[in-house]
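S.K.: Take a look at this one; I'll ask things after.
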Amino acid sequence: MTDGPAPLPFAMPDVGEDEIDAVVAAIRSGWLSSGPRVSEFESAFSAFLGEGLHAVALNSATAGLHLALEACGVGPGDEVLVPTWTFTATAEVVRYLGAEPVLVDVDPVSLNIDFDDAARRITERTRAVMPVHLAGLPIPHKLLSDFASSHRLDIVEDAAHAFPAAVDDLRVGAGETRATVFSFYATKTITTGEGGMVVTRDADLAARVRVMRLHGISRNAFDRYRSTTPSWAYDVVAPGYKYNLGDPAAAMGLVQLSRAEEMRSRREQIALRYDEAFADVPLDRPFIPGSDVQHAWHLYIVRTGRDHNRDTVIGDLAAQGIGTSVHFIPLHIHPYWRDRGRFDQSEFPVASAQYRRVISLPIYSAMSDADVDRVIGAVRGALRA
Ligand SMILES: *Cc1c(COP(=O)(O)O)cnc(C)c1O
């Protein structure tokens with residue numbers, strides 16, 4: 001080891017004293033499982049996104065994607081369209097329900113689902129589609145609703161990267177799809193350590209997710225505590241799951257939510273700084289949308305050109321103490337999905353080609369200006385710009 005600055009991690013949560021105080025207060029309150037702070041977090045989260053929305057907190061986005069699809073009635077024999085360019089969670093929940101994910105290629109610019117390719121893969125078994133707002137770049141609401149209505153499919157949005165994001169002042173989560181699912185995993189744009197949220201305009205869908213997140217019990221502990229009927233009484237109406245969020249996590253979420261805009265604007269600042277600094281570097285930079293679009297900037301994905309090998313550049317950056325990642329290894333390349341899918345590797349030309357080029361650079365609000373400059377210097381060095 002040589003002396004030098006400590007390595008810069010690829011991702012770090014931006015959690016401060018306010019979050020710590022809120023978690024401590026939650027612990028002191030005695031509500032360690034789902035209690036008043038979970039209810040408060042749900043109300044504040046839905047109010048942040050828009051009007052007429054129901055929000056249901058869960059212990060992960062994976063749980064949320066699972067229960068949203070379950071509430072849509074997806075089951076054995078059904079097919080669900082999933083972009084190959086995503087984390088495996090998006091597809092695995094389809095298998096939880098005995099249905100089959102049908103992988104779809106992506107758009108070469110946004111790396112979001114290619115709706116023309118999706119339309120070609122529709123069969124009489126197709127029930128739903130799960131678009132991913134990759135890196136936090138929102139798919140326009142109209143594209144989603146047009147696709148849903150012309151093909152009569154349910155849409156469950158994977159918005160794990162897209163909080164907060166908006167198109168024409170309408171936030172991701174506030175549109176007309178069946179449900180939108182957010183992640184509060186440690187590296188996501190706001191965090192509760194582990195956590196997720198299902199948001200929907202459909203009161204029945206929200207009610208089903210609420211029941212299924214806690215053993216299929218029709219009233220949870222906090223409802224029972226608040227209620228005037230005997231506190232021991234409850235009904236089991238389904239074989240549900242154990243997917244509820246606890247109050248200490250929700251307490252952290254409430255503080256993070258209040259800082260979400262401030263943290264997003266810092267990430268946007270970093271993205272714009274990178275964009276400027278890499279203008280003369282032999283790299284393809286991510287698409288920057290116009291002012292009608294609010295990008296969550298969860299990820300900043302660059303692509304190497306013909307003269308550079310992606311893996312060599314990642315190694316060079318690592319040697320300079322810069323953590324990076326790759327988002328994503330397309331699902332059609334992973335052994336389980338490759339062996340299970342009824343597809344040929346050549347069916348995903350865009351994802352297969354772009355996968356070899358992508359590098360995710362650090363972009364998080366806890367980065368200092370000096371950290372950002374360090375990344376810029378290291379990238380320029382690695383590419384001899
Ligand atoms: C992180 C992530 C998930 C899963 O989120 P968890 O809260 O960890 O379950 C799902 N989809 C995408 C695209 C993600 O990046």
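Identifiers in this document derive from the order of the structure tokens: chains are assigned A, B, ..., residues are numbered from 1 separately in each chain, and ligands are numbered from 1 in order of occurrence.
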Can you pull out every residue within 10 Å of region 282-284 of chain A, counting only C-alpha atoms, but drop anything in the same chain fewer than 3 positions away, and send it as a VMD selection string?
M.R.: chain A and resid 275 278 to 279 287 301 to 308 357 to 358 379 to 380 383 to 385
S.K.: Please produce a file of those selected residues containing N, CA, C and O atoms, as a tab-separated table (two decimals), in the first residue's frame.
M.R.:
```tsv
chain	number	residue	atom	x	y	z
A	275	ASP	N	-20.37	16.52	-16.50
A	275	ASP	CA	-20.70	16.71	-17.92
A	275	ASP	C	-19.75	17.73	-18.55
A	275	ASP	O	-19.26	17.53	-19.67
A	278	PHE	N	-16.02	16.33	-18.62
A	278	PHE	CA	-15.73	15.20	-19.52
A	278	PHE	C	-16.05	15.55	-20.97
A	278	PHE	O	-16.02	14.67	-21.84
A	279	ALA	N	-16.33	16.83	-21.25
A	279	ALA	CA	-16.72	17.22	-22.61
A	279	ALA	C	-15.63	16.87	-23.63
A	279	ALA	O	-15.92	16.50	-24.76
A	287	PHE	N	-27.19	11.04	-21.02
A	287	PHE	CA	-28.15	12.00	-21.55
A	287	PHE	C	-28.61	12.94	-20.43
A	287	PHE	O	-28.96	12.50	-19.34
A	301	ILE	N	-23.78	7.19	-15.41
A	301	ILE	CA	-23.22	6.09	-16.19
A	301	ILE	C	-22.53	6.63	-17.44
A	301	ILE	O	-23.18	7.21	-18.31
A	302	VAL	N	-21.20	6.43	-17.51
A	302	VAL	CA	-20.47	6.80	-18.73
A	302	VAL	C	-20.20	5.53	-19.54
A	302	VAL	O	-20.32	4.42	-19.03
A	303	ARG	N	-19.86	5.72	-20.81
A	303	ARG	CA	-19.56	4.57	-21.67
A	303	ARG	C	-18.23	4.81	-22.37
A	303	ARG	O	-18.02	5.88	-22.95
A	304	THR	N	-17.38	3.80	-22.31
A	304	THR	CA	-16.08	3.91	-22.97
A	304	THR	C	-16.25	3.82	-24.49
A	304	THR	O	-17.21	3.20	-24.98
A	305	GLY	N	-15.32	4.43	-25.19
A	305	GLY	CA	-15.34	4.37	-26.66
A	305	GLY	C	-14.49	3.22	-27.17
A	305	GLY	O	-14.01	2.39	-26.41
A	306	ARG	N	-14.29	3.22	-28.50
A	306	ARG	CA	-13.58	2.13	-29.16
A	306	ARG	C	-12.14	1.94	-28.68
A	306	ARG	O	-11.61	0.85	-28.66
A	307	ASP	N	-11.50	3.07	-28.28
A	307	ASP	CA	-10.08	3.01	-27.95
A	307	ASP	C	-9.80	2.58	-26.51
A	307	ASP	O	-8.64	2.53	-26.11
A	308	HIS	N	-10.86	2.32	-25.75
A	308	HIS	CA	-10.62	1.97	-24.34
A	308	HIS	C	-11.42	0.76	-23.94
A	308	HIS	O	-12.56	0.59	-24.34
A	357	ARG	N	-19.54	-1.48	-22.28
A	357	ARG	CA	-18.98	-0.11	-22.26
A	357	ARG	C	-19.24	0.67	-20.97
A	357	ARG	O	-18.64	1.71	-20.76
A	358	VAL	N	-20.20	0.22	-20.15
A	358	VAL	CA	-20.68	1.10	-19.08
A	358	VAL	C	-19.85	1.07	-17.80
A	358	VAL	O	-19.36	0.01	-17.38
A	379	VAL	N	-10.49	10.04	-13.86
A	379	VAL	CA	-11.06	9.62	-15.15
A	379	VAL	C	-10.21	10.18	-16.30
A	379	VAL	O	-9.89	9.46	-17.25
A	380	ARG	N	-9.85	11.42	-16.19
A	380	ARG	CA	-9.02	12.03	-17.24
A	380	ARG	C	-7.68	11.27	-17.35
A	380	ARG	O	-7.20	11.01	-18.44
A	383	LEU	N	-8.05	7.86	-19.00
A	383	LEU	CA	-8.29	7.94	-20.44
A	383	LEU	C	-7.24	8.79	-21.15
A	383	LEU	O	-7.37	9.08	-22.33
A	384	ARG	N	-6.22	9.21	-20.39
A	384	ARG	CA	-5.14	10.04	-20.92
A	384	ARG	C	-5.69	11.25	-21.66
A	384	ARG	O	-5.22	11.62	-22.73
A	385	ALA	N	-6.71	11.86	-21.05
A	385	ALA	CA	-7.32	13.04	-21.72
A	385	ALA	C	-6.51	14.29	-21.37
A	385	ALA	O	-5.96	14.39	-20.30
```
S.K.: Extract, using only C-alpha atoms, all DNA, RNA and protein residues at most 10 Å from Glu70 (chain A), discarding same-chain residues fewer than 4 positions from it, and format them as a PyMOL selection string.
M.R.: chain A and resi 64-66+74-75+93-94+96-97+205+208-209+212
S.K.: Within 7 Å of ligand 1, counting only C-alpha atoms and all ligand atoms: which residues, as a compact mmCIF listing (two decimals) with N, CA, C and O atoms, in the first residue's frame?
M.R.:
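Final file, part17.txt:
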```
# COMPACT_ATOMS: atom_id res chain seq x y z
N SER A 60 -38.48 -3.55 1.90
CA SER A 60 -37.63 -3.43 0.72
C SER A 60 -38.48 -3.10 -0.49
O SER A 60 -39.71 -3.31 -0.48
N ALA A 61 -37.82 -2.61 -1.54
CA ALA A 61 -38.51 -2.43 -2.82
C ALA A 61 -38.84 -3.79 -3.43
O ALA A 61 -39.86 -3.94 -4.11
N THR A 62 -37.99 -4.77 -3.20
CA THR A 62 -38.25 -6.11 -3.73
C THR A 62 -39.59 -6.62 -3.20
O THR A 62 -40.42 -7.12 -3.98
N ALA A 63 -39.82 -6.43 -1.89
CA ALA A 63 -41.11 -6.81 -1.30
C ALA A 63 -42.25 -6.02 -1.95
O ALA A 63 -43.32 -6.57 -2.23
N THR A 86 -31.64 -4.34 -15.77
CA THR A 86 -32.12 -4.02 -14.42
C THR A 86 -31.45 -4.93 -13.42
O THR A 86 -30.69 -5.83 -13.79
N PHE A 87 -31.75 -4.66 -12.14
CA PHE A 87 -31.30 -5.54 -11.07
C PHE A 87 -32.23 -6.77 -11.05
O PHE A 87 -33.40 -6.68 -11.39
N ALA A 89 -33.85 -8.22 -8.90
CA ALA A 89 -35.07 -8.13 -8.08
C ALA A 89 -36.31 -7.91 -8.94
O ALA A 89 -37.38 -8.47 -8.66
N THR A 90 -36.18 -7.08 -9.99
CA THR A 90 -37.33 -6.77 -10.83
C THR A 90 -37.92 -8.04 -11.43
O THR A 90 -39.14 -8.20 -11.50
N VAL A 132 -38.33 0.25 -15.69
CA VAL A 132 -37.37 0.73 -14.68
C VAL A 132 -36.91 2.12 -15.11
O VAL A 132 -36.46 2.28 -16.25
N LEU A 134 -34.28 3.95 -15.19
CA LEU A 134 -32.87 3.67 -14.93
C LEU A 134 -32.07 4.92 -14.59
O LEU A 134 -32.17 5.93 -15.29
N ASP A 158 -40.83 0.19 -11.57
CA ASP A 158 -39.71 0.01 -10.66
C ASP A 158 -39.00 1.37 -10.60
O ASP A 158 -38.23 1.72 -11.49
N ALA A 160 -36.95 2.31 -8.16
CA ALA A 160 -35.89 2.19 -7.15
C ALA A 160 -34.84 3.29 -7.29
O ALA A 160 -34.18 3.64 -6.32
N HIS A 161 -34.68 3.83 -8.53
CA HIS A 161 -33.67 4.87 -8.77
C HIS A 161 -34.28 6.25 -8.86
O HIS A 161 -33.55 7.22 -9.03
N SER A 183 -37.25 2.38 -3.56
CA SER A 183 -36.33 1.66 -2.67
C SER A 183 -35.63 2.64 -1.74
O SER A 183 -35.20 3.72 -2.17
N PHE A 184 -35.50 2.23 -0.49
CA PHE A 184 -34.74 3.01 0.50
C PHE A 184 -33.54 2.19 0.99
O PHE A 184 -33.12 2.30 2.14
N TYR A 185 -33.02 1.35 0.12
CA TYR A 185 -31.79 0.60 0.41
C TYR A 185 -30.66 1.60 0.70
O TYR A 185 -30.71 2.76 0.29
N LYS A 188 -29.45 3.98 -2.04
CA LYS A 188 -30.41 4.67 -2.91
C LYS A 188 -30.53 6.15 -2.53
O LYS A 188 -29.90 6.61 -1.59
N GLU A 194 -32.67 -0.43 5.09
CA GLU A 194 -33.44 -1.29 4.20
C GLU A 194 -34.87 -0.75 4.22
O GLU A 194 -35.36 -0.37 5.29
N GLY A 195 -35.52 -0.72 3.07
CA GLY A 195 -36.90 -0.23 3.07
C GLY A 195 -37.40 0.00 1.67
O GLY A 195 -36.62 0.04 0.71
N GLY A 196 -38.71 0.14 1.55
CA GLY A 196 -39.31 0.41 0.25
C GLY A 196 -40.71 0.96 0.44
O GLY A 196 -41.23 0.98 1.56
```
S.K.: Using only C-alpha atoms, can you tell me which of A:Ala319, A:Met252, A:Leu67, A:Val106 comes closest to Ala206 (chain A)?
M.R.: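 When distances to Ala206 (chain A) are compared using only C-alpha atoms, the smallest one comes from A:Leu67.
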S.K.: Using only C-alpha atoms, determine which residues lie at most 10 Å from Ser258 (chain A), disregarding the query and same-chain residues fewer than 3 positions distant; provide the list as a list in words.
M.R.: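 Those residues are Ala44, Phe45, Phe48, Ile190, Gly253, Leu254, Val255, Glu261, Glu262 and Met263 of chain A.
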S.K.: Quick one: write out the picked residues with all heavy atoms as a PDB file, in the first residue's frame?
M.R.:
```pdb
ATOM      1  N   ALA A  44     -46.485  11.368   4.724  1.00  0.00           N
ATOM      2  CA  ALA A  44     -45.578  12.413   4.230  1.00  0.00           C
ATOM      3  C   ALA A  44     -45.072  12.057   2.832  1.00  0.00           C
ATOM      4  O   ALA A  44     -44.931  12.925   1.964  1.00  0.00           O
ATOM      5  CB  ALA A  44     -44.407  12.589   5.196  1.00  0.00           C
ATOM      6  N   PHE A  45     -44.815  10.779   2.594  1.00  0.00           N
ATOM      7  CA  PHE A  45     -44.280  10.343   1.298  1.00  0.00           C
ATOM      8  C   PHE A  45     -45.323  10.532   0.197  1.00  0.00           C
ATOM      9  O   PHE A  45     -45.026  11.068  -0.870  1.00  0.00           O
ATOM     10  CB  PHE A  45     -43.837   8.874   1.380  1.00  0.00           C
ATOM     11  CG  PHE A  45     -42.933   8.451   0.261  1.00  0.00           C
ATOM     12  CD1 PHE A  45     -41.573   8.705   0.323  1.00  0.00           C
ATOM     13  CD2 PHE A  45     -43.441   7.812  -0.863  1.00  0.00           C
ATOM     14  CE1 PHE A  45     -40.726   8.320  -0.720  1.00  0.00           C
ATOM     15  CE2 PHE A  45     -42.607   7.427  -1.906  1.00  0.00           C
ATOM     16  CZ  PHE A  45     -41.245   7.676  -1.833  1.00  0.00           C
ATOM     17  N   PHE A  48     -45.802  14.186  -0.543  1.00  0.00           N
ATOM     18  CA  PHE A  48     -44.671  14.726  -1.305  1.00  0.00           C
ATOM     19  C   PHE A  48     -44.877  14.491  -2.802  1.00  0.00           C
ATOM     20  O   PHE A  48     -44.563  15.344  -3.630  1.00  0.00           O
ATOM     21  CB  PHE A  48     -43.372  14.054  -0.841  1.00  0.00           C
ATOM     22  CG  PHE A  48     -42.136  14.519  -1.565  1.00  0.00           C
ATOM     23  CD1 PHE A  48     -41.345  15.537  -1.034  1.00  0.00           C
ATOM     24  CD2 PHE A  48     -41.751  13.943  -2.772  1.00  0.00           C
ATOM     25  CE1 PHE A  48     -40.199  15.965  -1.703  1.00  0.00           C
ATOM     26  CE2 PHE A  48     -40.615  14.362  -3.440  1.00  0.00           C
ATOM     27  CZ  PHE A  48     -39.842  15.378  -2.906  1.00  0.00           C
ATOM     28  N   ILE A 190     -32.773   8.184  -1.170  1.00  0.00           N
ATOM     29  CA  ILE A 190     -33.007   8.398   0.263  1.00  0.00           C
ATOM     30  C   ILE A 190     -32.989   7.006   0.886  1.00  0.00           C
ATOM     31  O   ILE A 190     -33.307   6.018   0.210  1.00  0.00           O
ATOM     32  CB  ILE A 190     -34.319   9.155   0.611  1.00  0.00           C
ATOM     33  CG1 ILE A 190     -35.565   8.313   0.382  1.00  0.00           C
ATOM     34  CG2 ILE A 190     -34.392  10.496  -0.116  1.00  0.00           C
ATOM     35  CD1 ILE A 190     -36.841   8.939   0.983  1.00  0.00           C
ATOM     36  N   GLY A 253     -36.379   7.620   7.615  1.00  0.00           N
ATOM     37  CA  GLY A 253     -36.987   7.965   6.327  1.00  0.00           C
ATOM     38  C   GLY A 253     -37.632   9.343   6.336  1.00  0.00           C
ATOM     39  O   GLY A 253     -37.543  10.080   5.347  1.00  0.00           O
ATOM     40  N   LEU A 254     -38.274   9.705   7.445  1.00  0.00           N
ATOM     41  CA  LEU A 254     -38.926  11.013   7.533  1.00  0.00           C
ATOM     42  C   LEU A 254     -37.899  12.140   7.409  1.00  0.00           C
ATOM     43  O   LEU A 254     -38.133  13.130   6.706  1.00  0.00           O
ATOM     44  CB  LEU A 254     -39.690  11.135   8.857  1.00  0.00           C
ATOM     45  CG  LEU A 254     -41.090  10.502   8.846  1.00  0.00           C
ATOM     46  CD1 LEU A 254     -41.592  10.252  10.263  1.00  0.00           C
ATOM     47  CD2 LEU A 254     -42.067  11.393   8.077  1.00  0.00           C
ATOM     48  N   VAL A 255     -36.754  11.994   8.056  1.00  0.00           N
ATOM     49  CA  VAL A 255     -35.715  13.029   7.954  1.00  0.00           C
ATOM     50  C   VAL A 255     -35.139  13.034   6.535  1.00  0.00           C
ATOM     51  O   VAL A 255     -34.960  14.096   5.919  1.00  0.00           O
ATOM     52  CB  VAL A 255     -34.600  12.813   9.005  1.00  0.00           C
ATOM     53  CG1 VAL A 255     -33.517  13.874   8.843  1.00  0.00           C
ATOM     54  CG2 VAL A 255     -35.175  12.838  10.417  1.00  0.00           C
ATOM     55  N   GLU A 261     -35.006  16.806  -1.686  1.00  0.00           N
ATOM     56  CA  GLU A 261     -34.791  17.806  -2.747  1.00  0.00           C
ATOM     57  C   GLU A 261     -33.375  18.361  -2.687  1.00  0.00           C
ATOM     58  O   GLU A 261     -32.707  18.527  -3.711  1.00  0.00           O
ATOM     59  CB  GLU A 261     -35.800  18.962  -2.589  1.00  0.00           C
ATOM     60  CG  GLU A 261     -37.231  18.571  -2.838  1.00  0.00           C
ATOM     61  CD  GLU A 261     -37.587  18.520  -4.326  1.00  0.00           C
ATOM     62  OE1 GLU A 261     -36.679  18.506  -5.180  1.00  0.00           O
ATOM     63  OE2 GLU A 261     -38.791  18.485  -4.621  1.00  0.00           O
ATOM     64  N   GLU A 262     -32.940  18.656  -1.460  1.00  0.00           N
ATOM     65  CA  GLU A 262     -31.595  19.203  -1.263  1.00  0.00           C
ATOM     66  C   GLU A 262     -30.531  18.190  -1.743  1.00  0.00           C
ATOM     67  O   GLU A 262     -29.585  18.546  -2.451  1.00  0.00           O
ATOM     68  CB  GLU A 262     -31.440  19.523   0.243  1.00  0.00           C
ATOM     69  CG  GLU A 262     -30.043  19.616   0.799  1.00  0.00           C
ATOM     70  CD  GLU A 262     -29.986  19.104   2.260  1.00  0.00           C
ATOM     71  OE1 GLU A 262     -30.926  19.395   3.040  1.00  0.00           O
ATOM     72  OE2 GLU A 262     -29.012  18.412   2.595  1.00  0.00           O
ATOM     73  N   MET A 263     -30.726  16.919  -1.409  1.00  0.00           N
ATOM     74  CA  MET A 263     -29.748  15.899  -1.818  1.00  0.00           C
ATOM     75  C   MET A 263     -29.791  15.696  -3.335  1.00  0.00           C
ATOM     76  O   MET A 263     -28.757  15.507  -3.970  1.00  0.00           O
ATOM     77  CB  MET A 263     -30.004  14.587  -1.070  1.00  0.00           C
ATOM     78  CG  MET A 263     -29.725  14.689   0.435  1.00  0.00           C
ATOM     79  SD  MET A 263     -29.690  13.098   1.297  1.00  0.00           S
ATOM     80  CE  MET A 263     -31.402  12.592   1.234  1.00  0.00           C
TER      81      MET A 263
END
```
S.K.: Rounded to one decimal, what separation in Å do you get between CA of Gln354 (chain A) and CA of Leu153 (chain A)?
M.R.: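 These atoms are spaced 28.3 Å apart.
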S.K.: Enter the distance from CA of Asp168 (chain A) to CA of Ala57 (chain A), in Å, rounded to one decimal.
M.R.: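 Going from CA of Asp168 (chain A) over to CA of Ala57 (chain A) covers 26.3 Å.
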S.K.: Kindly indicate which residue among A:Leu214, A:Ala91, A:Leu170, A:Val109 lies nearest to Ala238 (chain A), using only C-alpha atoms for the distances.
M.R.: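 Closest to Ala238 (chain A), using only C-alpha atoms: A:Leu214.
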S.K.: Measuring atom to atom with only C-alpha atoms, identify which of A:Arg267, A:Arg356, A:Lys142, A:Arg259 is nearest to Asp18 (chain A).
M.R.: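 Of A:Arg267, A:Arg356, A:Lys142, A:Arg259, the one nearest Asp18 (chain A) is A:Arg259, counting only C-alpha atoms.
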S.K.: Please provide the set of residues having any atom within 12 Å of Asp369 (chain A), restricted to only C-alpha atoms, with same-chain residues fewer than 6 positions apart removed, written as a count of residues only.
M.R.: 9
S.K.: Find, counting only C-alpha atoms, the residue in A:Thr187, A:Ser33, A:Ser360, A:Asn309 that gets nearest to Tyr243 (chain A).
M.R.: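 Ranking A:Thr187, A:Ser33, A:Ser360, A:Asn309 by distance to Tyr243 (chain A), first place goes to A:Ser33.
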S.K.: Report the residues of region 346-383 of chain A whose backbone DSSP state falls under strand (DSSP E or B), written as a ChimeraX atom specification.
M.R.: /A:358-361
S.K.: Please determine, counting only C-alpha atoms, which residue among A:Val38, A:Val104, A:Ala233, A:Leu331 has the shortest atom-to-atom distance to Leu58 (chain A).
M.R.: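 Closest to Leu58 (chain A), using only C-alpha atoms: A:Val38.
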S.K.: Write out as number ranges by chain all residues of region 21-125 of chain A that DSSP puts in helix (DSSP H, G or I) for this structure's backbone.
M.R.: A: 21-29, 36-49, 61-71, 88-96, 115-120
S.K.: Using only C-alpha atoms, which of the listed residues (A:Leu8, A:Val15, A:Ala68, A:Ala251) sits closest to Arg28 (chain A)?
M.R.: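 Smallest distance to Arg28 (chain A) is found for A:Ala251.
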S.K.: Quick one: pull the distance between CA of Pro131 (chain A) and CA of Arg342 (chain A), Å, one decimal.
M.R.: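 Answer for the CA of Pro131 (chain A) to CA of Arg342 (chain A) separation: 20.3 Å.
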S.K.: If you count only C-alpha atoms, which residues fall within 10 Å of Pro101 (chain A), apart from same-chain ones fewer than 5 positions away, as an MDAnalysis selection string?
M.R.: chainID A and resid 78:84 90:95 126 128:130 337 340:341
S.K.: Leaving out Arg219 (chain A) and any residue of its chain fewer than 6 positions from it, which residues lie within 12 Å of it when counting only C-alpha atoms, given as a PyMOL selection string?
M.R.: chain A and resi 34+207-208+210-213+225-227+229-237
